[in-house]
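Pasted below: protein_34.cif, mmCIF, C-alpha atoms.
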data_my_file
loop_
_atom_site.label_atom_id
_atom_site.label_comp_id
_atom_site.auth_asym_id
_atom_site.auth_seq_id
_atom_site.Cartn_x
_atom_site.Cartn_y
_atom_site.Cartn_z
CA MET F 249 15.73 30.86 11.95
CA ILE F 250 13.04 29.02 13.83
CA GLU F 251 14.17 25.90 15.69
CA LEU F 252 12.29 23.09 13.98
CA SER F 253 12.69 19.50 15.10
CA VAL F 254 12.34 16.54 12.73
CA ALA F 255 9.20 15.49 14.57
CA SER F 256 7.60 18.91 14.07
CA LEU F 257 8.58 19.02 10.41
CA THR F 258 7.04 15.57 9.89
CA LEU F 259 3.88 16.60 11.73
CA TRP F 260 3.55 19.79 9.68
CA THR F 261 4.17 17.98 6.39
CA GLY F 262 1.66 15.29 7.32
CA ALA F 263 -0.95 17.81 8.39
CA LEU F 264 -0.64 19.90 5.21
CA LEU F 265 -0.72 16.77 3.07
CA THR F 266 -3.77 15.44 4.87
CA GLY F 267 -5.58 18.76 4.47
CA LEU F 268 -4.79 19.15 0.77
CA ALA F 269 -5.64 15.56 -0.07
CA LEU F 270 -8.79 15.51 2.05
CA VAL F 271 -10.28 18.52 0.25
CA ARG F 272 -9.50 16.95 -3.11
CA LEU F 273 -10.89 13.59 -1.95
CA LEU F 274 -14.21 15.23 -1.11
CA THR F 275 -14.48 17.38 -4.23
CA VAL F 276 -13.08 15.44 -7.19
CA GLU F 277 -15.47 13.53 -9.43
CA ASP F 278 -13.17 11.13 -11.23
CA LEU F 279 -13.02 7.86 -9.33
CA ILE F 280 -9.33 7.14 -9.97
CA ALA F 281 -8.37 10.67 -8.90
CA ARG F 282 -10.44 10.08 -5.78
CA LEU F 283 -8.54 6.86 -5.02
CA ILE F 284 -5.23 8.66 -5.50
CA ALA F 285 -6.43 11.42 -3.15
CA LEU F 286 -7.38 8.76 -0.61
CA ASN F 287 -3.88 7.28 -0.91
CA LEU F 288 -2.32 10.70 -0.34
CA THR F 289 -4.56 11.27 2.67
CA GLY F 290 -3.31 7.97 4.01
CA GLY F 291 0.28 9.05 3.40
CA GLY F 292 -0.33 12.27 5.32
CA THR F 293 -1.87 10.35 8.21
CA LEU F 294 1.13 8.04 8.37
CA LEU F 295 3.43 11.08 8.41
CA ILE F 296 1.52 12.38 11.44
CA LEU F 297 1.74 8.97 13.10
CA VAL F 298 5.49 8.62 12.56
CA GLY F 299 5.95 12.29 13.43
CA LEU F 300 4.52 11.48 16.83
CA ALA F 301 6.81 8.46 17.04
CA ALA F 302 9.88 10.53 16.13
CA ARG F 303 9.65 12.58 19.33
CA THR F 304 11.83 10.03 21.14
CA GLU F 305 15.26 8.65 20.44
CA PRO F 306 15.30 5.94 19.07
CA VAL F 307 12.07 6.33 17.07
CA ASP F 308 9.16 4.62 18.84
CA PRO F 309 8.63 1.19 17.19
CA VAL F 310 4.90 0.84 17.96
CA PRO F 311 3.60 3.68 15.74
CA GLN F 312 6.06 2.51 13.07
CA ALA F 313 4.50 -0.94 13.17
CA LEU F 314 1.09 0.71 12.90
CA ALA F 315 2.35 2.67 9.90
CA LEU F 316 3.42 -0.59 8.24
CA THR F 317 -0.06 -2.00 8.91
CA GLY F 318 -1.53 1.18 7.46
CA ILE F 319 0.49 0.84 4.25
CA VAL F 320 -0.74 -2.71 3.71
CA ILE F 321 -4.35 -1.71 4.44
CA THR F 322 -3.95 1.15 1.95
CA VAL F 323 -2.85 -1.16 -0.85
CA ALA F 324 -5.73 -3.52 0.01
CA PHE F 325 -8.42 -0.86 -0.27
CA THR F 326 -6.75 0.64 -3.34
CA GLY F 327 -6.90 -2.74 -5.04
CA VAL F 328 -10.53 -3.26 -4.12
CA GLY F 329 -11.32 0.29 -5.21
CA LEU F 330 -9.67 -0.22 -8.60
CA ILE F 331 -11.49 -3.50 -9.14
CA LEU F 332 -14.76 -1.71 -8.42
CA VAL F 333 -13.77 1.26 -10.64
CA ARG F 334 -13.17 -1.20 -13.42
CA ALA F 335 -16.59 -2.77 -12.83
CA VAL F 336 -18.29 0.65 -12.70
CA ASP F 337 -16.53 1.64 -15.90
CA ASP F 338 -17.72 -1.51 -17.62
CA ASP F 339 -21.25 -0.76 -16.48
CA GLU F 340 -21.18 2.95 -17.33
CA ARG F 341 -20.12 2.42 -20.90
CA PRO F 342 -22.61 -0.21 -21.97
CA SER F 343 -23.93 2.23 -24.58
CA ARG F 344 -20.82 1.93 -26.69
CA SER F 345 -20.00 -1.75 -26.30
CA ALA F 346 -23.66 -2.82 -26.27
CA ASP F 347 -24.34 -0.75 -29.36
CA GLY F 348 -21.31 -2.18 -31.01
CA ARG F 349 -22.39 -5.66 -30.14
CA ALA F 350 -25.96 -4.92 -31.24
CA HIS F 351 -24.74 -3.55 -34.55
CA GLY F 352 -22.59 -6.59 -34.91
CA HIS F 353 -25.59 -8.84 -34.40
CA ASP F 354 -27.63 -6.77 -36.81
CA GLU F 355 -24.96 -7.02 -39.43
CA GLU F 356 -24.71 -10.73 -38.88
CA ALA F 357 -28.48 -11.00 -39.14
CA ASN F 358 -28.50 -8.88 -42.28
CA ALA F 359 -25.75 -10.91 -43.77
CA MET M 275 18.72 11.16 14.61
CA SER M 276 18.03 13.05 17.79
CA PRO M 277 14.59 14.62 18.01
CA GLU M 278 16.08 17.88 19.19
CA THR M 279 18.23 18.42 16.11
CA THR M 280 17.02 21.16 13.85
CA VAL M 281 16.20 19.89 10.41
CA GLY M 282 18.81 20.12 7.71
CA PRO M 283 18.28 21.34 4.18
CA LEU M 284 17.75 17.74 2.99
CA GLN M 285 14.74 17.13 5.23
CA LEU M 286 13.33 20.56 4.49
CA SER M 287 13.60 20.22 0.73
CA LEU M 288 12.16 16.69 0.83
CA ALA M 289 9.17 17.94 2.84
CA LEU M 290 8.70 20.75 0.35
CA ALA M 291 8.96 18.32 -2.56
CA LEU M 292 6.33 16.11 -0.89
CA ILE M 293 3.84 18.96 -0.61
CA VAL M 294 4.48 20.20 -4.15
CA THR M 295 4.25 16.75 -5.81
CA ALA M 296 1.14 16.00 -3.75
CA ALA M 297 -0.55 19.19 -4.95
CA ALA M 298 0.49 18.45 -8.54
CA THR M 299 -0.78 14.88 -8.24
CA LEU M 300 -4.10 15.92 -6.77
CA TYR M 301 -4.85 18.58 -9.38
CA SER M 302 -3.46 16.92 -12.49
CA ARG M 303 -5.84 16.95 -15.45
CA HIS M 304 -5.21 13.48 -16.82
CA ARG M 305 -5.36 10.13 -15.10
CA LEU M 306 -1.97 8.95 -16.34
CA THR M 307 -0.28 12.18 -15.30
CA GLY M 308 -1.79 11.81 -11.87
CA VAL M 309 -0.58 8.24 -11.56
CA VAL M 310 2.95 9.06 -12.66
CA LEU M 311 3.11 12.03 -10.27
CA PHE M 312 1.78 9.76 -7.54
CA LEU M 313 4.74 7.45 -8.18
CA VAL M 314 7.12 10.41 -7.89
CA PHE M 315 5.42 11.33 -4.62
CA GLY M 316 5.90 7.75 -3.38
CA VAL M 317 9.61 7.87 -4.15
CA PHE M 318 9.98 11.16 -2.25
CA LEU M 319 7.96 9.75 0.65
CA SER M 320 10.10 6.64 0.98
CA ILE M 321 13.29 8.73 0.88
CA TYR M 322 11.77 10.93 3.56
CA TRP M 323 11.00 7.90 5.75
CA GLY M 324 14.58 6.75 5.38
CA VAL M 325 15.97 10.18 6.20
CA ILE M 326 13.99 10.64 9.41
CA GLY M 327 15.05 7.24 10.75
CA ALA M 328 12.19 4.90 9.90
CA PRO M 329 13.80 2.44 7.46
CA ASP M 330 11.08 -0.22 7.86
CA VAL M 331 8.40 2.21 6.81
CA ALA M 332 10.66 3.39 3.98
CA LEU M 333 11.00 -0.16 2.66
CA ALA M 334 7.29 -0.83 2.94
CA GLU M 335 6.45 2.47 1.27
CA ALA M 336 8.83 1.77 -1.59
CA VAL M 337 7.73 -1.83 -2.18
CA ILE M 338 4.04 -1.71 -1.30
CA GLY M 339 2.92 1.91 -1.26
CA THR M 340 4.70 2.85 -4.46
CA GLY M 341 5.58 -0.45 -6.16
CA VAL M 342 2.46 -2.56 -5.96
CA THR M 343 0.06 0.38 -5.70
CA GLY M 344 1.80 1.98 -8.66
CA ALA M 345 1.39 -1.20 -10.69
CA LEU M 346 -2.31 -1.29 -9.83
CA PHE M 347 -2.89 2.37 -10.67
CA GLY M 348 -0.66 2.28 -13.70
CA TYR M 349 -2.42 -0.68 -15.28
CA THR M 350 -5.89 0.72 -14.68
CA ALA M 351 -4.97 4.21 -15.86
CA THR M 352 -3.37 2.77 -19.01
CA VAL M 353 -6.42 0.69 -19.81
CA MET M 354 -8.84 3.52 -19.04
CA PRO M 355 -6.85 6.70 -19.75
CA ARG M 356 -9.78 9.09 -19.82
CA PRO M 357 -12.62 9.35 -17.35
CA ALA M 358 -16.16 8.44 -18.35
CA HIS M 359 -17.28 11.95 -17.46
CA ASP M 360 -15.30 14.92 -18.58
CA ARG M 361 -13.22 16.11 -15.68
CA ARG M 362 -13.77 19.86 -15.70
CA GLY M 363 -11.46 21.80 -13.44
CA SER M 364 -11.24 25.57 -13.58
CA ILE M 365 -8.23 27.42 -12.25
CA ALA M 366 -10.44 29.14 -9.68
CA ARG M 367 -11.60 25.80 -8.32
CA THR M 368 -8.03 24.53 -8.18
CA ILE M 369 -6.91 27.58 -6.24
CA ALA M 370 -9.90 27.33 -3.92
CA GLY M 371 -9.18 23.66 -3.29
CA LEU M 372 -5.50 24.28 -2.63
CA ALA M 373 -6.24 27.19 -0.31
CA GLY M 374 -8.91 25.28 1.58
CA GLY M 375 -6.68 22.25 1.92
CA ALA M 376 -3.74 24.32 3.06
CA GLY M 377 -5.95 26.08 5.58
CA ILE M 378 -7.24 22.83 7.03
CA GLY M 379 -3.71 21.43 7.03
CA ALA M 380 -2.26 24.48 8.75
CA GLY M 381 -4.90 24.32 11.47
CA LEU M 382 -4.29 20.61 11.94
CA GLY M 383 -0.53 21.12 12.01
CA TYR M 384 -0.81 23.91 14.57
CA PHE M 385 -2.86 21.80 16.96
CA LEU M 386 -0.78 18.68 16.38
CA THR M 387 2.52 20.37 17.13
CA ARG M 388 0.99 22.04 20.19
CA ALA M 389 -0.37 18.71 21.43
CA ALA M 390 2.84 16.84 20.61
CA ALA M 391 4.98 19.37 22.43
CA ALA M 392 2.85 19.31 25.59
CA PRO M 393 3.77 16.10 27.49
CA PRO M 394 7.59 16.10 27.59
CA GLY M 395 7.70 19.65 28.93
CA GLY M 396 5.57 18.68 31.93
CA SER M 397 6.52 15.62 33.91
CA GLY M 398 9.73 14.61 32.18
CA GLU M 399 8.43 11.06 31.69
CA PRO M 400 9.43 9.31 28.50
CA VAL M 401 7.03 9.89 25.61
CA GLY M 402 5.42 7.04 23.77
CA LEU M 403 5.97 3.33 24.10
CA THR M 404 9.64 3.15 23.13
CA GLY M 405 10.79 2.12 26.60
CA GLN M 406 8.15 -0.53 27.10
CA ALA M 407 8.55 -1.92 23.59
CA THR M 408 12.33 -2.22 23.77
CA ALA M 409 12.04 -3.80 27.22
CA ALA M 410 9.59 -6.41 25.93
CA VAL M 411 11.42 -7.23 22.69
CA PRO M 412 13.82 -9.84 24.18
CA ALA M 413 10.81 -11.91 25.28
CA THR M 414 9.54 -12.12 21.70
CA GLY M 415 12.52 -14.11 20.45
CA VAL M 416 13.36 -11.70 17.60
CA GLU M 417 15.85 -8.89 17.78
CA HIS M 418 14.26 -6.29 15.56
CA PRO M 419 11.73 -4.29 17.62
CA ILE M 420 9.31 -3.60 14.78
CA THR M 421 9.04 -7.27 13.81
CA GLY M 422 8.58 -8.10 17.49
CA VAL M 423 5.84 -5.51 17.83
CA LEU M 424 4.08 -6.60 14.65
CA LEU M 425 4.07 -10.34 15.15
CA ASN M 426 4.15 -10.69 18.91
CA LEU M 427 3.45 -7.68 21.06
CA ARG M 428 0.61 -6.32 18.99
CA SER M 429 -0.30 -9.39 16.99
CA TYR M 430 -4.02 -8.62 17.13
CA ASP M 431 -3.42 -5.70 14.77
CA THR M 432 -1.52 -7.91 12.40
CA LEU M 433 -4.12 -10.67 12.53
CA MET M 434 -6.84 -8.17 11.65
CA GLU M 435 -4.59 -6.78 8.91
CA MET M 436 -4.42 -10.26 7.40
CA VAL M 437 -8.22 -10.43 7.64
CA VAL M 438 -8.45 -7.12 5.74
CA LEU M 439 -6.11 -8.51 3.07
CA LEU M 440 -8.24 -11.64 2.91
CA SER M 441 -11.34 -9.49 2.38
CA ALA M 442 -9.60 -7.65 -0.44
CA ALA M 443 -8.56 -10.97 -1.95
CA THR M 444 -12.15 -12.21 -1.63
CA VAL M 445 -13.36 -9.24 -3.66
CA ALA M 446 -10.59 -9.99 -6.15
CA VAL M 447 -11.71 -13.61 -6.48
CA ALA M 448 -15.33 -12.50 -6.89
CA PHE M 449 -14.44 -10.10 -9.72
CA ALA M 450 -11.73 -12.23 -11.26
CA PRO M 451 -12.01 -12.72 -15.03
CA ARG M 452 -13.77 -15.96 -15.75
CA SER M 453 -11.83 -17.26 -18.69
CA ASP M 454 -14.02 -20.34 -19.21
CA ALA M 455 -17.32 -18.47 -19.07
CA GLY M 456 -15.99 -15.76 -21.34
CA SER M 457 -14.67 -18.12 -23.96
CA SER M 458 -17.97 -19.96 -24.37
CA THR M 459 -19.84 -16.79 -25.36
CA ARG M 460 -17.14 -14.97 -27.24
CA GLY M 461 -15.63 -17.85 -29.07
CA GLY M 462 -12.09 -17.26 -30.29
CA ALA M 463 -8.91 -16.55 -28.35
CA PRO M 464 -10.01 -14.96 -25.09
CA ALA M 465 -6.84 -16.11 -23.34
CA SER M 466 -4.52 -14.01 -25.44
CA GLU M 467 -6.95 -11.12 -25.20
CA GLN M 468 -6.88 -11.25 -21.42
CA ARG M 469 -3.17 -11.38 -21.42
CA GLY M 470 -2.88 -8.35 -23.62
CA PRO M 471 -0.34 -8.04 -26.37
CA ALA M 472 2.79 -10.07 -25.74
CA ALA M 473 5.69 -8.04 -24.41
CA PRO M 474 8.71 -7.57 -26.66
CA PRO M 475 11.43 -10.23 -26.28
CA ILE M 476 13.80 -7.84 -24.54
CA VAL M 477 11.24 -7.23 -21.78
CA ARG M 478 10.61 -10.95 -21.39
CA GLY M 479 14.30 -11.64 -21.22
CA PHE M 480 14.73 -8.91 -18.66
CA VAL M 481 11.91 -10.31 -16.54
CA SER M 482 13.28 -13.84 -16.61
CA LEU M 483 16.64 -12.43 -15.52
CA VAL M 484 15.26 -10.20 -12.81
CA ALA M 485 12.53 -12.42 -11.35
CA PRO M 486 14.88 -14.87 -9.58
CA VAL M 487 16.91 -11.98 -8.18
CA VAL M 488 13.78 -10.33 -6.78
CA LEU M 489 12.71 -13.68 -5.32
CA LEU M 490 16.07 -13.96 -3.58
CA PHE M 491 15.69 -10.38 -2.38
CA ALA M 492 12.25 -11.23 -0.97
CA ALA M 493 13.69 -14.17 0.95
CA TRP M 494 16.51 -12.00 2.25
CA LEU M 495 14.04 -9.32 3.38
CA LEU M 496 12.03 -11.98 5.16
CA PHE M 497 14.90 -13.44 7.17
CA ALA M 498 16.64 -10.12 7.68
CA GLY M 499 13.43 -8.91 9.30
CA SER M 500 14.20 -10.69 12.56
CA THR M 501 17.33 -8.64 13.22
CA GLN M 502 17.13 -5.53 11.01
CA PRO M 503 14.65 -3.61 8.89
CA GLY M 504 12.59 -5.87 6.66
CA GLY M 505 10.00 -8.50 7.35
CA ALA M 506 6.99 -10.37 6.08
CA PHE M 507 5.16 -7.43 4.54
CA GLN M 508 8.03 -6.12 2.49
CA ALA M 509 8.95 -9.66 1.44
CA GLY M 510 5.36 -10.48 0.51
CA ALA M 511 5.13 -7.36 -1.60
CA ALA M 512 8.37 -8.25 -3.39
CA LEU M 513 6.87 -11.68 -4.06
CA ALA M 514 3.76 -10.03 -5.47
CA ALA M 515 5.98 -7.85 -7.64
CA VAL M 516 7.57 -10.97 -9.15
CA MET M 517 4.14 -12.42 -9.90
CA ILE M 518 2.93 -9.15 -11.44
CA LEU M 519 6.06 -8.91 -13.61
CA VAL M 520 5.75 -12.50 -14.76
CA GLN M 521 2.07 -12.04 -15.58
CA THR M 522 2.25 -8.71 -17.40
CA SER M 523 5.32 -9.60 -19.44
CA GLY M 524 3.77 -12.84 -20.59
CA VAL M 525 6.62 -15.00 -19.31
CA GLY M 526 4.18 -17.02 -17.27
CA ARG M 527 0.47 -17.25 -16.87
CA LEU M 528 -1.11 -16.90 -13.44
CA ARG M 529 -4.70 -17.72 -12.73
CA ILE M 530 -6.86 -17.40 -9.64
CA GLY M 531 -7.53 -21.09 -9.16
CA PRO M 532 -7.94 -23.42 -6.19
CA ALA M 533 -4.21 -23.35 -5.41
CA MET M 534 -4.19 -19.56 -5.28
CA ILE M 535 -7.27 -19.55 -3.02
CA CYS M 536 -5.54 -21.97 -0.62
CA LEU M 537 -2.57 -19.60 -0.44
CA LEU M 538 -4.91 -16.69 0.22
CA LEU M 539 -6.47 -18.48 3.19
CA LEU M 540 -3.24 -19.87 4.58
CA GLY M 541 -2.05 -16.72 6.37
CA VAL M 542 -5.15 -16.09 8.47
CA LEU M 543 -5.48 -19.81 9.29
CA ALA M 544 -1.83 -20.06 10.37
CA PHE M 545 -2.16 -16.93 12.48
CA ILE M 546 -5.26 -18.28 14.20
CA ALA M 547 -3.49 -21.61 14.75
CA VAL M 548 -0.57 -19.81 16.41
CA GLY M 549 -3.01 -17.84 18.52
CA LEU M 550 -4.82 -20.97 19.63
CA GLY M 551 -1.46 -22.61 20.30
CA GLY M 552 -0.65 -19.75 22.65
CA LEU M 553 -3.97 -20.29 24.38
CA VAL M 554 -3.46 -24.04 24.79
CA LEU M 555 0.27 -24.21 25.56
CA GLY M 556 1.01 -20.81 26.99
CA ASP M 557 -0.93 -18.31 28.96
CA ALA M 558 -3.17 -16.41 26.63
CA TRP M 559 -4.68 -16.11 23.17
CA LEU M 560 -2.12 -14.79 20.70
CA LEU M 561 0.54 -14.48 23.39
CA LEU M 562 3.79 -15.89 22.09
CA ARG M 563 6.51 -16.34 24.70
CA GLY M 564 9.16 -18.85 25.66
CA GLU M 565 12.25 -20.22 24.01
CA HIS M 566 10.56 -21.22 20.74
CA ALA M 567 8.90 -17.86 20.24
CA GLY M 568 11.55 -16.74 17.76
CA THR M 569 11.26 -19.88 15.63
CA VAL M 570 7.48 -19.75 15.57
CA THR M 571 7.58 -16.06 14.66
CA ILE M 572 9.86 -16.69 11.71
CA ALA M 573 7.79 -19.66 10.51
CA LEU M 574 4.66 -17.54 10.78
CA GLU M 575 6.38 -14.73 8.87
CA CYS M 576 7.22 -17.10 6.01
CA ILE M 577 3.58 -18.16 5.71
CA LEU M 578 2.36 -14.58 6.00
CA ALA M 579 4.76 -13.42 3.29
CA VAL M 580 3.43 -16.06 0.87
CA THR M 581 -0.17 -15.11 1.66
CA ILE M 582 0.52 -11.38 1.35
CA GLY M 583 2.22 -11.96 -1.99
CA ALA M 584 -0.65 -14.11 -3.25
CA SER M 585 -3.28 -11.61 -2.05
CA LEU M 586 -1.64 -8.63 -3.71
CA ALA M 587 -1.09 -10.61 -6.90
CA ALA M 588 -4.73 -11.76 -6.86
CA VAL M 589 -5.92 -8.17 -6.48
CA PHE M 590 -3.72 -7.15 -9.40
CA LEU M 591 -4.95 -10.03 -11.57
CA ALA M 592 -8.56 -9.15 -10.83
CA SER M 593 -8.13 -5.45 -11.54
CA ALA M 594 -5.99 -6.03 -14.62
CA GLY M 595 -7.76 -8.91 -16.30
CA ARG M 596 -11.30 -7.65 -16.51
CA ARG M 597 -12.03 -7.96 -20.18
CA ARG M 598 -15.28 -9.53 -21.18
#

Could I get this file's structure written as structure tokens?
Amino acid sequence: MIELSVASLTLWTGALLTGLALVRLLTVEDLIARLIALNLTGGGTLLILVGLAARTEPVDPVPQALALTGIVITVAFTGVGLILVRAVDDDERPSRSADGRAHGHDEEANA
Amino acid sequence: MSPETTVGPLQLSLALALIVTAAATLYSRHRLTGVVLFLVFGVFLSIYWGVIGAPDVALAEAVIGTGVTGALFGYTATVMPRPAHDRRGSIARTIAGLAGGAGIGAGLGYFLTRAAAAPPGGSGEPVGLTGQATAAVPATGVEHPITGVLLNLRSYDTLMEMVVLLSAATVAVAFAPRSDAGSSTRGGAPASEQRGPAAPPIVRGFVSLVAPVVLLFAAWLLFAGSTQPGGAFQAGAALAAVMILVQTSGVGRLRIGPAMICLLLLGVLAFIAVGLGGLVLGDAWLLLRGEHAGTVTIALECILAVTIGASLAAVFLASAGRRR
């Protein structure tokens, strides 16, 4: 059995997560899936950061504070991203709602 | 937990679960499935943080990374369950993506563990900033090192974090549903439309029972943060959770108005005021020392928690209420 410290396990998990999520982030088309991939990339990065902090006993507080900052920044950009996704979605489907509205006007006019 | 201990089965299985749920989340076909799996991933991640000895990060991950982010994703994915373009994913592409990602991750992990193992073997000096941070914590007036680091030792980071939140809130205000403008063109009942269908009575009853408890929990997190895990960010997120619950269940009606905008600005302004106070009364910009440092830190935390809560709630309102 290989001797594996908690720090190394965290670093490996974070690295694999970052790699997997990064590839998906760069290849997926759907905007919400892209935001989720970005969130997972962020999670992997934080695992690397705290993995580096976990090399000492007790766990280094400075990278932990940076990880907290990172979590808040992540929710901020996720929120902005979702607001923009919503706006893009509203703009990309004008055909349906505009048609519907146009038909509605036509019907009103006909009536 | 000593860094030299070999990992137990708990840590190992959690790490495995993280990788597997992440892969399932990334390659799920449907938006809602992806969001739900992302929530599962968040739960595993916060347990993992707790297990490896980072309870502050665990709390923040649970409340912010999974709670508030999950609410944001969940609402949007429920409103828009299918993508505008058909998401075509062949099995070959999935396997290629997984293999490529695992390859990149393995390379990164190899170099990281090599680099991380290098310094302690050499000089025998302590790694990282643990020693310096714990030595400086008594001067900050709070007992918990992470709160001391966040609000005193590295307050520039936190100030800029509040600026980032303010930027997000600014976008939220810019895209917020304009109920007055909408009602003039559409005519009837836009308010109820924005609010969505009213929640069943049992949900509303549950929310009115739970909301005060969560508020109390937020206050406890805030004041506990000076001596033990917790603090302004976790408390602010709990506050935002109350507002999101109240809004979505229809118990109350929140609106991005002038009062909300004042709350959004308050945090950055208070932080700058404290920074200037340090410059005028003490020795340097943003340097908080002396016997009142603890009191000022806690007062600042209270204000920050309110602003963080308002910002997150504003972002949720803007992303949830866009119906024109």

Expressed in Å to a single decimal, how great is the separation between CA of Leu483 (chain M) and CA of Ala512 (chain M)?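 Here the two named atoms are 15.3 Å from each other.
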
Separation of CA of Ala255 (chain F) and CA of Ile369 (chain M), in Å?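 Taking CA of Ala255 (chain F) as the start and CA of Ile369 (chain M) as the end point, the length is 29.0 Å.
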
Nearest to chain F: which of M:Leu284, M:Leu489, M:Ala376, M:Leu496 is it, counting all atoms listed in the file? M:Ala376

Residue with smallest distance to Trp494 (chain M) - pool M:Gly479, M:Gly510, M:Gly524, M:Gly415, counting all atoms listed in the file: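 Answer, going by the shortest atom-to-atom distance: M:Gly510.
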
Kindly determine which residues of chain F lie within 6 Å of chain M, considering all atoms listed in the file, and give the answer as number ranges by chain. F: 251-254, 260, 263-264, 267-268, 271, 303, 305, 308-309, 313, 316, 323-324, 327-328, 331

Quick one: pull the distance between CA of Thr581 (chain M) and CA of Leu537 (chain M), Å, one decimal. 5.5 Å

Min atom-atom distance to Ala413 (chain M) from the set M:Leu562, M:Leu578, M:Leu519, M:Leu495, counting all atoms listed in the file, belongs to M:Leu562

For the structure shown, which residues end up in the PyMOL selection byres ((chain M and resi 560) around 10)? Put them as a ChimeraX atom specification, please? /M:425-430,433,545-553,556-559,561-563

Go ahead and write the selection's residues with C-alpha atoms as a compact mmCIF listing (two decimals), keeping the file's coordinate frame.
# COMPACT_ATOMS: atom_id res chain seq x y z
CA LEU M 425 4.07 -10.34 15.15
CA ASN M 426 4.15 -10.69 18.91
CA LEU M 427 3.45 -7.68 21.06
CA ARG M 428 0.61 -6.32 18.99
CA SER M 429 -0.30 -9.39 16.99
CA TYR M 430 -4.02 -8.62 17.13
CA LEU M 433 -4.12 -10.67 12.53
CA PHE M 545 -2.16 -16.93 12.48
CA ILE M 546 -5.26 -18.28 14.20
CA ALA M 547 -3.49 -21.61 14.75
CA VAL M 548 -0.57 -19.81 16.41
CA GLY M 549 -3.01 -17.84 18.52
CA LEU M 550 -4.82 -20.97 19.63
CA GLY M 551 -1.46 -22.61 20.30
CA GLY M 552 -0.65 -19.75 22.65
CA LEU M 553 -3.97 -20.29 24.38
CA GLY M 556 1.01 -20.81 26.99
CA ASP M 557 -0.93 -18.31 28.96
CA ALA M 558 -3.17 -16.41 26.63
CA TRP M 559 -4.68 -16.11 23.17
CA LEU M 561 0.54 -14.48 23.39
CA LEU M 562 3.79 -15.89 22.09
CA ARG M 563 6.51 -16.34 24.70

Applied to the shown file, which residues does the PyMOL selection byres ((chain F and resi 286-297) around 7) return, written as a list in words?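 After applying the PyMOL selection byres ((chain F and resi 286-297) around 7), what remains is Thr258, Leu259, Gly262, Ala263, Leu265, Thr266, Ala269, Leu270, Leu273, Arg282, Leu283, Ile284, Ala285, Val298, Gly299, Leu300, Ala301, Pro311, Ala315 and Thr322 of chain F.
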
Those same residues - C-alpha atoms - I'd like them written as a tab-separated table (two decimals), in the frame of the given file.
chain	number	residue	atom	x	y	z
F	258	THR	CA	7.04	15.57	9.89
F	259	LEU	CA	3.88	16.60	11.73
F	262	GLY	CA	1.66	15.29	7.32
F	263	ALA	CA	-0.95	17.81	8.39
F	265	LEU	CA	-0.72	16.77	3.07
F	266	THR	CA	-3.77	15.44	4.87
F	269	ALA	CA	-5.64	15.56	-0.07
F	270	LEU	CA	-8.79	15.51	2.05
F	273	LEU	CA	-10.89	13.59	-1.95
F	282	ARG	CA	-10.44	10.08	-5.78
F	283	LEU	CA	-8.54	6.86	-5.02
F	284	ILE	CA	-5.23	8.66	-5.50
F	285	ALA	CA	-6.43	11.42	-3.15
F	298	VAL	CA	5.49	8.62	12.56
F	299	GLY	CA	5.95	12.29	13.43
F	300	LEU	CA	4.52	11.48	16.83
F	301	ALA	CA	6.81	8.46	17.04
F	311	PRO	CA	3.60	3.68	15.74
F	315	ALA	CA	2.35	2.67	9.90
F	322	THR	CA	-3.95	1.15	1.95

Would you place a box with edges along x, y and z of the file around all atoms of region 272-279 of chain F listed there, add 5 Å to each of its six sides, and report the centre and edge lengths in Å to one decimal, as AutoDock Vina command-line options?
--center_x -12.5 --center_y 12.6 --center_z -6.2 --size_x 16.0 --size_y 19.5 --size_z 20.1
